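A.B. asks: See upload-v7.cif below, with mmCIF, C-alpha atoms.
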```
data_protein
loop_
_atom_site.label_atom_id
_atom_site.label_comp_id
_atom_site.auth_asym_id
_atom_site.auth_seq_id
_atom_site.Cartn_x
_atom_site.Cartn_y
_atom_site.Cartn_z
CA MET A 160 91.61 128.43 90.05
CA ASP A 161 94.09 125.76 91.16
CA LEU A 162 93.59 124.31 94.61
CA ASP A 163 96.34 124.69 97.17
CA LEU A 164 97.38 121.09 97.98
CA SER A 165 100.40 121.96 100.12
CA PRO A 166 100.60 120.20 103.52
CA LYS A 167 99.44 122.16 106.56
CA LEU A 168 99.83 122.03 110.35
CA ALA A 169 96.90 122.08 112.78
CA LYS A 170 96.10 125.22 114.80
CA LYS A 171 94.89 125.44 118.39
CA VAL A 172 91.14 125.91 118.77
CA TYR A 173 90.75 125.76 122.57
CA GLY A 174 92.41 124.38 125.69
CA ASP A 175 93.55 125.03 129.24
CA ASP A 176 95.53 123.25 131.96
CA GLY A 177 94.19 119.80 131.02
CA GLY A 178 95.19 119.94 127.37
CA SER A 179 94.33 121.41 123.99
CA TYR A 180 92.27 120.74 120.89
CA TYR A 181 93.71 121.51 117.45
CA ALA A 182 92.10 121.48 114.01
CA TRP A 183 92.93 122.00 110.36
CA CYS A 184 91.06 124.90 108.81
CA PRO A 185 89.37 124.50 105.39
CA ASP A 186 90.26 128.13 104.60
CA GLU A 187 93.94 127.10 104.71
CA LEU A 188 93.47 123.60 103.28
CA PRO A 189 90.65 124.03 100.72
CA MET A 190 90.52 120.31 99.88
CA LEU A 191 88.95 119.75 103.31
CA ARG A 192 85.87 121.71 102.28
CA GLN A 193 85.80 120.37 98.73
CA GLY A 194 86.19 116.77 99.89
CA ASN A 195 83.95 117.15 102.96
CA ILE A 196 86.75 115.96 105.23
CA GLY A 197 87.49 117.08 108.79
CA ALA A 198 90.74 116.65 110.70
CA ALA A 199 91.69 117.51 114.29
CA LYS A 200 93.98 116.53 117.19
CA LEU A 201 93.30 116.18 120.90
CA ALA A 202 96.30 116.56 123.24
CA LEU A 203 95.75 115.75 126.93
CA GLU A 204 98.24 116.51 129.70
CA LYS A 205 98.48 114.31 132.81
CA ASN A 206 95.02 114.10 134.46
CA GLY A 207 93.54 115.83 131.43
CA PHE A 208 89.91 114.89 130.78
CA ALA A 209 88.10 115.55 127.50
CA LEU A 210 84.48 116.00 128.55
CA PRO A 211 81.79 113.71 127.05
CA ARG A 212 80.75 114.82 123.60
CA TYR A 213 79.26 113.65 120.32
CA SER A 214 79.96 114.93 116.83
CA ASP A 215 78.13 115.76 113.62
CA SER A 216 80.59 113.55 111.70
CA SER A 217 81.71 109.94 111.64
CA LYS A 218 85.46 109.63 112.32
CA VAL A 219 88.47 107.40 112.65
CA ALA A 220 90.64 108.14 115.69
CA TYR A 221 94.34 107.25 115.77
CA VAL A 222 96.54 107.48 118.88
CA LEU A 223 99.73 109.30 117.89
CA GLN A 224 101.41 109.38 121.30
CA GLY A 225 101.00 108.21 124.87
CA ALA A 226 98.45 105.99 126.57
CA GLY A 227 95.15 106.59 128.31
CA VAL A 228 91.53 105.60 128.70
CA ALA A 229 88.59 106.15 126.36
CA GLY A 230 84.90 105.89 127.08
CA ILE A 231 82.79 105.00 124.03
CA ILE A 232 79.00 104.79 124.08
CA LEU A 233 77.42 103.60 120.85
CA PRO A 234 73.73 104.45 120.37
CA GLU A 235 71.52 102.32 122.63
CA SER A 236 74.55 100.48 124.00
CA GLU A 237 76.43 100.29 127.27
CA GLU A 238 79.57 102.30 127.87
CA LYS A 239 82.78 100.66 126.67
CA VAL A 240 85.79 101.71 128.75
CA ILE A 241 88.98 100.78 126.91
CA ALA A 242 92.69 101.26 127.40
CA ILE A 243 94.26 103.07 124.46
CA LYS A 244 97.89 103.49 123.46
CA LYS A 245 100.11 104.68 120.63
CA GLY A 246 99.16 102.97 117.36
CA ASP A 247 95.52 102.32 118.24
CA ALA A 248 92.88 103.04 115.60
CA ILE A 249 89.25 103.44 116.70
CA ALA A 250 86.20 103.76 114.45
CA LEU A 251 83.64 106.31 115.71
CA PRO A 252 80.30 106.13 113.83
CA PHE A 253 77.55 108.75 113.90
CA GLY A 254 75.87 109.15 117.27
CA VAL A 255 78.72 107.80 119.37
CA ILE A 256 79.46 109.61 122.64
CA THR A 257 83.10 109.67 123.73
CA TRP A 258 85.28 110.85 126.58
CA TRP A 259 89.07 110.65 126.86
CA TYR A 260 91.37 110.66 129.89
CA ASN A 261 95.13 110.70 130.43
CA LYS A 262 96.51 109.54 133.77
CA GLU A 263 100.12 109.18 132.57
CA ASP A 264 103.02 111.66 132.62
CA THR A 265 103.40 111.49 128.82
CA GLU A 266 101.04 113.66 126.79
CA LEU A 267 98.23 111.70 125.12
CA VAL A 268 97.71 112.82 121.51
CA ILE A 269 94.86 111.53 119.36
CA LEU A 270 94.26 112.30 115.68
CA PHE A 271 90.71 112.46 114.30
CA MET A 272 89.85 112.35 110.61
CA GLY A 273 86.40 111.89 109.15
CA ASP A 274 83.53 112.65 106.82
CA THR A 275 81.78 116.03 107.26
CA SER A 276 79.29 115.64 104.39
CA LYS A 277 76.41 115.53 106.88
CA GLY A 278 77.99 118.08 109.24
CA HIS A 279 77.09 121.68 109.92
CA LYS A 280 80.28 123.03 108.33
CA PRO A 281 81.93 121.30 105.35
CA GLY A 282 85.53 120.49 106.20
CA GLN A 283 85.11 120.98 109.96
CA PHE A 284 83.91 118.86 112.87
CA THR A 285 81.27 120.30 115.19
CA ASP A 286 81.27 118.70 118.65
CA PHE A 287 78.31 118.85 121.02
CA PHE A 288 79.39 118.71 124.65
CA LEU A 289 77.13 117.07 127.20
CA THR A 290 78.57 119.08 130.10
CA GLY A 291 80.74 122.13 130.75
CA ALA A 292 80.34 125.85 130.22
CA ASN A 293 79.39 125.20 126.59
CA GLY A 294 77.50 121.95 127.23
CA ILE A 295 73.88 121.23 126.36
CA PHE A 296 72.78 121.59 129.99
CA THR A 297 73.63 125.29 129.92
CA GLY A 298 71.16 125.88 127.10
CA PHE A 299 68.11 124.61 128.98
CA THR A 300 66.28 126.50 131.69
CA ILE A 301 66.22 125.09 135.21
CA ASP A 302 62.58 124.02 134.91
CA PHE A 303 63.34 121.95 131.80
CA VAL A 304 66.30 120.28 133.51
CA LYS A 305 64.22 119.59 136.63
CA ARG A 306 61.44 117.92 134.64
CA ALA A 307 63.65 116.00 132.22
CA TRP A 308 65.85 114.50 134.93
CA ASP A 309 63.39 114.61 137.82
CA VAL A 310 65.66 116.61 140.15
CA ASP A 311 65.17 119.49 142.56
CA ASP A 312 66.26 123.13 142.11
CA ASP A 313 69.65 122.77 143.80
CA THR A 314 70.57 119.69 141.80
CA ALA A 315 69.47 121.28 138.53
CA THR A 316 71.49 124.39 139.31
CA ALA A 317 74.58 122.26 140.04
CA LEU A 318 74.19 120.25 136.83
CA ILE A 319 73.93 123.41 134.81
CA GLY A 320 76.58 125.56 136.45
CA ASN A 321 79.18 123.65 138.45
CA GLN A 322 81.44 122.65 135.56
CA LYS A 323 83.09 125.86 134.36
CA GLY A 324 85.51 124.18 131.96
CA LYS A 325 85.00 124.05 128.19
CA GLY A 326 85.75 120.80 126.38
CA ILE A 327 88.87 119.86 128.35
CA VAL A 328 89.49 120.04 132.10
CA LYS A 329 92.18 118.88 134.50
CA LEU A 330 91.02 116.50 137.21
CA ASP A 331 92.44 116.26 140.71
CA ALA A 332 95.19 113.64 140.85
CA ASN A 333 93.22 111.72 143.49
CA PHE A 334 90.01 111.56 141.46
CA LYS A 335 89.14 107.98 140.54
CA MET A 336 88.11 107.45 136.92
CA PRO A 337 86.68 104.16 135.57
CA GLU A 338 89.24 101.43 134.95
CA PRO A 339 89.39 99.99 131.42
CA LYS A 340 87.91 96.55 130.89
CA PRO A 341 89.94 94.21 128.63
CA ASP A 342 86.84 92.56 127.16
CA HIS A 343 85.46 95.96 126.11
CA ARG A 344 88.34 96.49 123.68
CA LYS A 345 87.37 93.65 121.33
CA GLY A 346 85.93 95.05 118.12
CA MET A 347 86.43 98.63 119.26
CA ALA A 348 90.12 99.23 118.53
CA LEU A 349 92.97 97.82 116.47
CA ASN A 350 96.62 98.57 117.16
CA CYS A 351 98.17 99.24 113.76
CA GLU A 352 101.71 98.90 115.12
CA GLU A 353 101.02 95.36 116.36
CA ALA A 354 98.55 94.07 113.74
CA PRO A 355 99.62 91.58 111.04
CA LEU A 356 101.22 93.33 108.08
CA ASP A 357 99.27 93.35 104.84
CA THR A 358 102.40 94.12 102.83
CA ASP A 359 106.01 93.88 104.00
CA ILE A 360 108.91 94.56 101.62
CA LYS A 361 112.38 93.97 103.09
CA ASN A 362 114.46 97.15 103.44
CA ALA A 363 111.64 99.16 101.87
CA GLY A 364 108.42 99.42 103.85
CA ASN A 365 105.23 97.88 105.17
CA VAL A 366 101.54 98.65 105.47
CA VAL A 367 98.64 97.72 107.74
CA LEU A 368 95.16 98.18 106.29
CA LEU A 369 92.19 99.05 108.47
CA ASN A 370 88.99 97.67 106.92
CA THR A 371 85.77 95.81 107.69
CA LYS A 372 87.67 92.53 108.15
CA ASN A 373 89.86 93.56 111.09
CA LEU A 374 87.66 96.35 112.50
CA PRO A 375 84.03 95.89 111.39
CA LEU A 376 82.95 99.27 112.79
CA VAL A 377 84.70 101.03 109.91
CA GLY A 378 81.79 99.83 107.79
CA GLN A 379 79.49 102.08 109.84
CA VAL A 380 81.98 104.93 109.59
CA GLY A 381 82.19 104.50 105.81
CA MET A 382 85.97 104.87 105.67
CA GLY A 383 89.04 102.68 105.58
CA ALA A 384 92.51 103.59 106.81
CA ASP A 385 96.11 102.47 106.66
CA LEU A 386 99.41 102.94 108.45
CA VAL A 387 102.41 102.99 106.12
CA ARG A 388 106.02 102.85 107.29
CA LEU A 389 108.71 103.58 104.71
CA GLU A 390 112.35 102.76 105.46
CA GLY A 391 115.09 105.36 105.04
CA ASN A 392 115.57 106.43 101.39
CA ALA A 393 112.94 103.92 100.22
CA MET A 394 110.22 104.83 97.73
CA CYS A 395 106.46 104.28 97.63
CA SER A 396 105.27 103.40 94.12
CA PRO A 397 103.32 106.01 92.18
CA GLY A 398 99.66 105.07 92.52
CA PHE A 399 96.10 106.29 92.79
CA SER A 400 92.82 105.36 94.43
CA CYS A 401 90.90 103.57 91.68
CA ASP A 402 87.49 103.60 93.40
CA SER A 403 87.02 107.40 93.38
CA ALA A 404 87.98 107.72 97.06
CA LEU A 405 89.84 110.65 98.57
CA GLN A 406 93.02 109.92 100.52
CA VAL A 407 93.70 112.10 103.57
CA THR A 408 97.24 111.66 104.91
CA TYR A 409 98.81 112.68 108.22
CA ILE A 410 102.58 112.40 108.55
CA VAL A 411 103.20 110.52 111.79
CA LYS A 412 106.98 110.39 111.82
CA GLY A 413 110.02 111.33 109.75
CA SER A 414 110.16 113.32 106.55
CA GLY A 415 110.49 112.87 102.81
CA ARG A 416 109.80 114.11 99.31
CA LEU A 417 106.33 113.94 97.79
CA GLN A 418 105.05 114.51 94.28
CA VAL A 419 101.44 114.54 93.03
CA VAL A 420 100.51 114.46 89.34
CA GLY A 421 97.01 115.40 88.19
CA VAL A 422 95.04 116.16 85.04
CA ASP A 423 96.95 116.58 81.76
CA GLY A 424 100.12 115.21 83.32
CA LYS A 425 100.58 118.34 85.40
CA ARG A 426 102.68 118.02 88.56
CA VAL A 427 100.38 119.81 91.00
CA LEU A 428 102.50 119.36 94.10
CA GLU A 429 106.18 118.83 94.84
CA THR A 430 107.14 119.31 98.47
CA ILE A 431 108.86 118.05 101.59
CA VAL A 432 106.50 116.50 104.12
CA LYS A 433 107.29 116.35 107.84
CA ALA A 434 105.72 114.97 111.03
CA GLY A 435 102.53 116.86 111.84
CA ASN A 436 101.66 117.71 108.21
CA LEU A 437 98.23 116.90 106.78
CA LEU A 438 97.53 116.70 103.07
CA ILE A 439 94.74 115.49 100.79
CA VAL A 440 95.26 113.86 97.41
CA PRO A 441 92.34 114.58 95.02
CA ARG A 442 90.44 111.72 93.41
CA PHE A 443 92.42 109.79 90.78
CA PHE A 444 95.54 111.97 91.16
CA VAL A 445 98.78 109.96 91.29
CA VAL A 446 101.02 110.32 94.34
CA SER A 447 104.50 109.01 95.19
CA LYS A 448 106.83 109.50 98.16
CA ILE A 449 110.55 109.01 98.84
CA ALA A 450 111.63 108.85 102.48
CA ASP A 451 114.54 110.84 103.89
CA PRO A 452 117.34 108.81 105.58
CA ASP A 453 115.43 108.55 108.88
CA GLY A 454 112.34 107.07 107.20
CA LEU A 455 108.77 108.24 106.75
CA SER A 456 105.52 107.03 108.34
CA TRP A 457 101.98 108.18 107.64
CA PHE A 458 98.41 107.36 108.65
CA SER A 459 95.69 107.85 106.05
CA ILE A 460 91.95 107.58 105.85
CA ILE A 461 90.33 106.65 102.56
CA THR A 462 86.72 107.63 101.97
CA THR A 463 85.50 104.06 101.42
CA PRO A 464 85.56 101.20 103.97
CA ASN A 465 87.44 98.75 101.72
CA PRO A 466 89.71 100.90 99.53
CA MET A 467 91.34 99.78 96.29
CA PHE A 468 94.52 101.22 94.75
CA THR A 469 96.19 100.96 91.38
CA HIS A 470 99.97 101.07 91.50
CA LEU A 471 101.82 102.15 88.40
CA ALA A 472 105.24 100.67 89.23
CA GLY A 473 106.49 97.45 90.79
CA SER A 474 105.64 93.79 90.31
CA ILE A 475 101.90 94.48 90.60
CA GLY A 476 102.06 97.69 88.57
CA ALA A 477 99.37 98.29 85.95
CA TRP A 478 102.04 98.48 83.24
CA LYS A 479 102.76 94.77 83.70
CA ALA A 480 99.24 93.90 82.53
CA ILE A 481 99.42 95.90 79.30
CA SER A 482 100.48 94.14 76.09
CA PRO A 483 104.10 94.78 74.98
CA GLU A 484 102.94 96.07 71.59
CA VAL A 485 100.57 98.53 73.24
CA LEU A 486 103.31 99.86 75.51
CA GLN A 487 105.73 100.16 72.58
CA ALA A 488 103.18 102.18 70.60
CA ALA A 489 102.02 104.25 73.58
CA PHE A 490 105.55 105.30 74.59
CA LYS A 491 106.71 105.44 70.95
CA VAL A 492 109.85 103.46 71.76
CA PRO A 493 111.58 100.51 70.10
CA ALA A 494 110.90 96.94 71.26
CA GLU A 495 114.24 96.84 73.12
CA THR A 496 113.29 99.81 75.29
CA GLU A 497 109.89 98.28 76.06
CA LYS A 498 111.54 94.99 77.09
CA LEU A 499 113.98 96.83 79.36
CA PHE A 500 111.12 98.81 80.92
CA ARG A 501 109.07 95.64 81.51
CA SER A 502 112.03 93.72 82.93
CA LYS A 503 112.48 96.12 85.83
CA ARG A 504 110.75 95.95 89.23
CA THR A 505 109.70 92.31 88.82
CA ASN A 506 110.11 91.45 92.51
CA ASP A 507 109.30 94.68 94.37
CA ALA A 508 105.65 95.53 94.99
CA ILE A 509 104.45 98.95 96.19
CA PHE A 510 107.67 99.81 98.11
CA PHE A 511 111.16 100.01 96.61
CA PRO A 512 114.41 99.77 98.61
CA PRO A 513 117.06 102.49 98.22
CA PRO A 514 119.26 102.21 95.12
CA LYS A 515 122.37 100.10 95.72
#
```
Show the structure stored in the file as structure tokens.
C.D. replies:
Amino acid sequence: MDLDLSPKLAKKVYGDDGGSYYAWCPDELPMLRQGNIGAAKLALEKNGFALPRYSDSSKVAYVLQGAGVAGIILPESEEKVIAIKKGDAIALPFGVITWWYNKEDTELVILFMGDTSKGHKPGQFTDFFLTGANGIFTGFTIDFVKRAWDVDDDTATALIGNQKGKGIVKLDANFKMPEPKPDHRKGMALNCEEAPLDTDIKNAGNVVLLNTKNLPLVGQVGMGADLVRLEGNAMCSPGFSCDSALQVTYIVKGSGRLQVVGVDGKRVLETIVKAGNLLIVPRFFVVSKIADPDGLSWFSIITTPNPMFTHLAGSIGAWKAISPEVLQAAFKVPAETEKLFRSKRTNDAIFFPPPK
């Protein structure tokens, strides 16, 4: 049976006054389960606080909107309190404990994508909350809490029962949270909107790659990522991941046309993608996009820390490396047609400006 590759929107899982948590369901997007990929979004209102938690999956977080503060505790390490803002990418390996806080008027929205191969549910993240009505404290009896933390009955009762919220709460406006420390940010986050461009094609598009060189923690996560911005009516070359990695793409901004071609030259997906859509391209399938007039931006994770792609068109396209005689025979065309085909796209790599 053919897999449904059509893009999907996230659905609300839980939330209250402080904000909401959304996730993509593998029942609606089967490639999540097949590829062992999870995807979710955290949206915090002003004074919204996402309670400390850890996950059964390694992830990459990407700030889609707003600004706030994140607390990150790597195993056997001190807490890193960092300022986060739109465009930030953060690698979250196994065992990391995180909390998130928004003190601004603008909603803080964070995207999470990661590997669920070692998780409890393929295609879904499972978070373990340290506190709250569904936190680990509520599962232990008072005598266990008293002995483990060396506290009296009243304190144990307060630790177990005072926090009634689940996952996300709203703090009093006067409550003082830790201030971010500038030196804590080094090596923990990379702003993809401010980082040096890895590829920049005039009037067409640009890309920033997230890998072990600019954010070493992605090596522990086992995934790379990229932010691609396509200008209005520009095209992204047909290409595929040549190292057997899956590509999971979230549309950050704009809209455009997308086509995916799979086994036996079958076009398995032709659709319009819009902001908020998530889609997964199967291994070795070829994908191409054309932006609408307002442009198209997307953030992707790739299930290897230093991904490699083969592009089929443009100045670095695979066709350019194939002998003329081989192309002529393969396409069954005369030499003149092969020369015309080879002569095109000699200057544009990966991204192509709109036709003149």
A.B. asks: Skip His343 of chain A itself and residues of its chain fewer than 5 positions away, then list as a PyMOL selection string all residues within 8 Å of it, counting all atoms listed in the file.
C.D. replies: chain A and resi 239-241
A.B. asks: Just to confirm, what's the straight-line distance from atom CA of Asp161 of chain A to atom CA of Asp274 of chain A in Å (one decimal)?
C.D. replies: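 We find that atom CA of Asp161 of chain A and atom CA of Asp274 of chain A lie 23.0 Å from each other.
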A.B. asks: Can you tell me which residues surround Pro441 of chain A at a distance of at most 8 Å, considering all atoms listed in the file, apart from same-chain residues fewer than 4 positions away, and format the answer as a list in words?
C.D. replies: Met190, Leu405 and Gln406 of chain A
A.B. asks: If you apply the PyMOL selection byres ((chain A and resi 438) around 7) to this file, what residues do you get, as number ranges by chain?
C.D. replies: A: 164-167, 407-409, 436-437, 439-440
A.B. asks: Mind giving me the straight-line distance from atom CA of Ala248 of chain A to atom CA of Val222 of chain A in Å, one decimal?
C.D. replies: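 For atom CA of Ala248 of chain A relative to atom CA of Val222 of chain A, the distance reads 6.6 Å.
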A.B. asks: Once the PyMOL selection byres ((chain A and resi 200) around 7) has been applied to the shown file, what residues remain in the selection, as a list in words?
C.D. replies: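 Applied to this file, the PyMOL selection byres ((chain A and resi 200) around 7) returns Tyr180, Tyr181, Ala182, Ala199, Leu201, Ala202, Val268, Ile269, Leu270 and Phe271 of chain A.
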A.B. asks: Give the answer as one residue: which of A:Gly378, A:Pro483, A:Gly383, A:Gly278 has the shortest atom-to-atom distance to Phe458 of chain A, using only C-alpha atoms?
C.D. replies: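 Looking only at the distances to Phe458 of chain A, the closest residue turns out to be A:Gly383.
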A.B. asks: Residues at most 7 Å from segment 281-295 of chain A, counting only C-alpha atoms, excluding those fewer than 2 positions away in the same chain, as a CSV table (one decimal) with C-alpha atoms, in the frame of the given file?
C.D. replies:
```csv
chain,number,residue,atom,x,y,z
A,185,PRO,CA,89.4,124.5,105.4
A,191,LEU,CA,89.0,119.8,103.3
A,192,ARG,CA,85.9,121.7,102.3
A,195,ASN,CA,84.0,117.2,103.0
A,196,ILE,CA,86.8,116.0,105.2
A,197,GLY,CA,87.5,117.1,108.8
A,210,LEU,CA,84.5,116.0,128.6
A,211,PRO,CA,81.8,113.7,127.0
A,212,ARG,CA,80.8,114.8,123.6
A,213,TYR,CA,79.3,113.6,120.3
A,214,SER,CA,80.0,114.9,116.8
A,215,ASP,CA,78.1,115.8,113.6
A,216,SER,CA,80.6,113.6,111.7
A,275,THR,CA,81.8,116.0,107.3
A,276,SER,CA,79.3,115.6,104.4
A,278,GLY,CA,78.0,118.1,109.2
A,279,HIS,CA,77.1,121.7,109.9
A,297,THR,CA,73.6,125.3,129.9
A,298,GLY,CA,71.2,125.9,127.1
A,322,GLN,CA,81.4,122.6,135.6
A,323,LYS,CA,83.1,125.9,134.4
A,324,GLY,CA,85.5,124.2,132.0
A,325,LYS,CA,85.0,124.0,128.2
A,326,GLY,CA,85.8,120.8,126.4
```
A.B. asks: Give me the residues within 9 Å of Val377 of chain A as a compact mmCIF listing (two decimals) with C-alpha atoms, in the frame of the given file, counting all atoms listed in the file and dropping any in the same chain fewer than 4 places off.
C.D. replies:
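Produced file selection01.txt, reproduced below:
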```
# COMPACT_ATOMS: atom_id res chain seq x y z
CA LYS A 218 85.46 109.63 112.32
CA VAL A 219 88.47 107.40 112.65
CA ILE A 249 89.25 103.44 116.70
CA ALA A 250 86.20 103.76 114.45
CA LEU A 251 83.64 106.31 115.71
CA PRO A 252 80.30 106.13 113.83
CA LEU A 369 92.19 99.05 108.47
CA ASN A 370 88.99 97.67 106.92
CA THR A 371 85.77 95.81 107.69
CA GLY A 381 82.19 104.50 105.81
CA MET A 382 85.97 104.87 105.67
CA GLY A 383 89.04 102.68 105.58
CA ALA A 384 92.51 103.59 106.81
CA PRO A 464 85.56 101.20 103.97
CA ASN A 465 87.44 98.75 101.72
```
A.B. asks: Neighbours of Ala434 of chain A within 6 Å (only C-alpha atoms; same-chain residues fewer than 5 positions away dropped), as a count of residues only?
C.D. replies: 4
A.B. asks: Apply the PyMOL selection byres ((chain A and resi 444) around 9) to the file shown and report the selected residues as a ChimeraX atom specification.
C.D. replies: /A:398-400,419-422,440-443,445-446
A.B. asks: Identify which of the residues A:Phe500, A:Tyr221, A:Phe299, A:Phe468 lies closest to Leu349 of chain A, counting all atoms listed in the file when measuring atom-to-atom distances.
C.D. replies: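 Among the listed residues, the smallest separation from Leu349 of chain A belongs to A:Tyr221.
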A.B. asks: Can you work out the spacing between atom CA of Met467 of chain A and atom CA of Leu389 of chain A in Å, to one decimal?
C.D. replies: 19.7 Å
A.B. asks: Out of A:Ser447, A:Asn362, A:Ser179, A:Thr314, which residue has the shortest atom-to-atom distance to Ser396 of chain A when counting only C-alpha atoms?
C.D. replies: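 Going through A:Ser447, A:Asn362, A:Ser179, A:Thr314 one by one, the smallest distance to Ser396 of chain A is for A:Ser447.
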A.B. asks: In terms of the shortest atom-to-atom distance over only C-alpha atoms, which of A:Lys205, A:Pro514, A:Ser459, A:Glu187 is closest to Lys329 of chain A?
C.D. replies: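 Nearest candidate to Lys329 of chain A out of A:Lys205, A:Pro514, A:Ser459, A:Glu187: A:Lys205.
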A.B. asks: Using all atoms listed in the file, which of A:Lys245, A:Glu484, A:Val432, A:Glu495 sits nearest Leu168 of chain A?
C.D. replies: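 Closest candidate: A:Val432.
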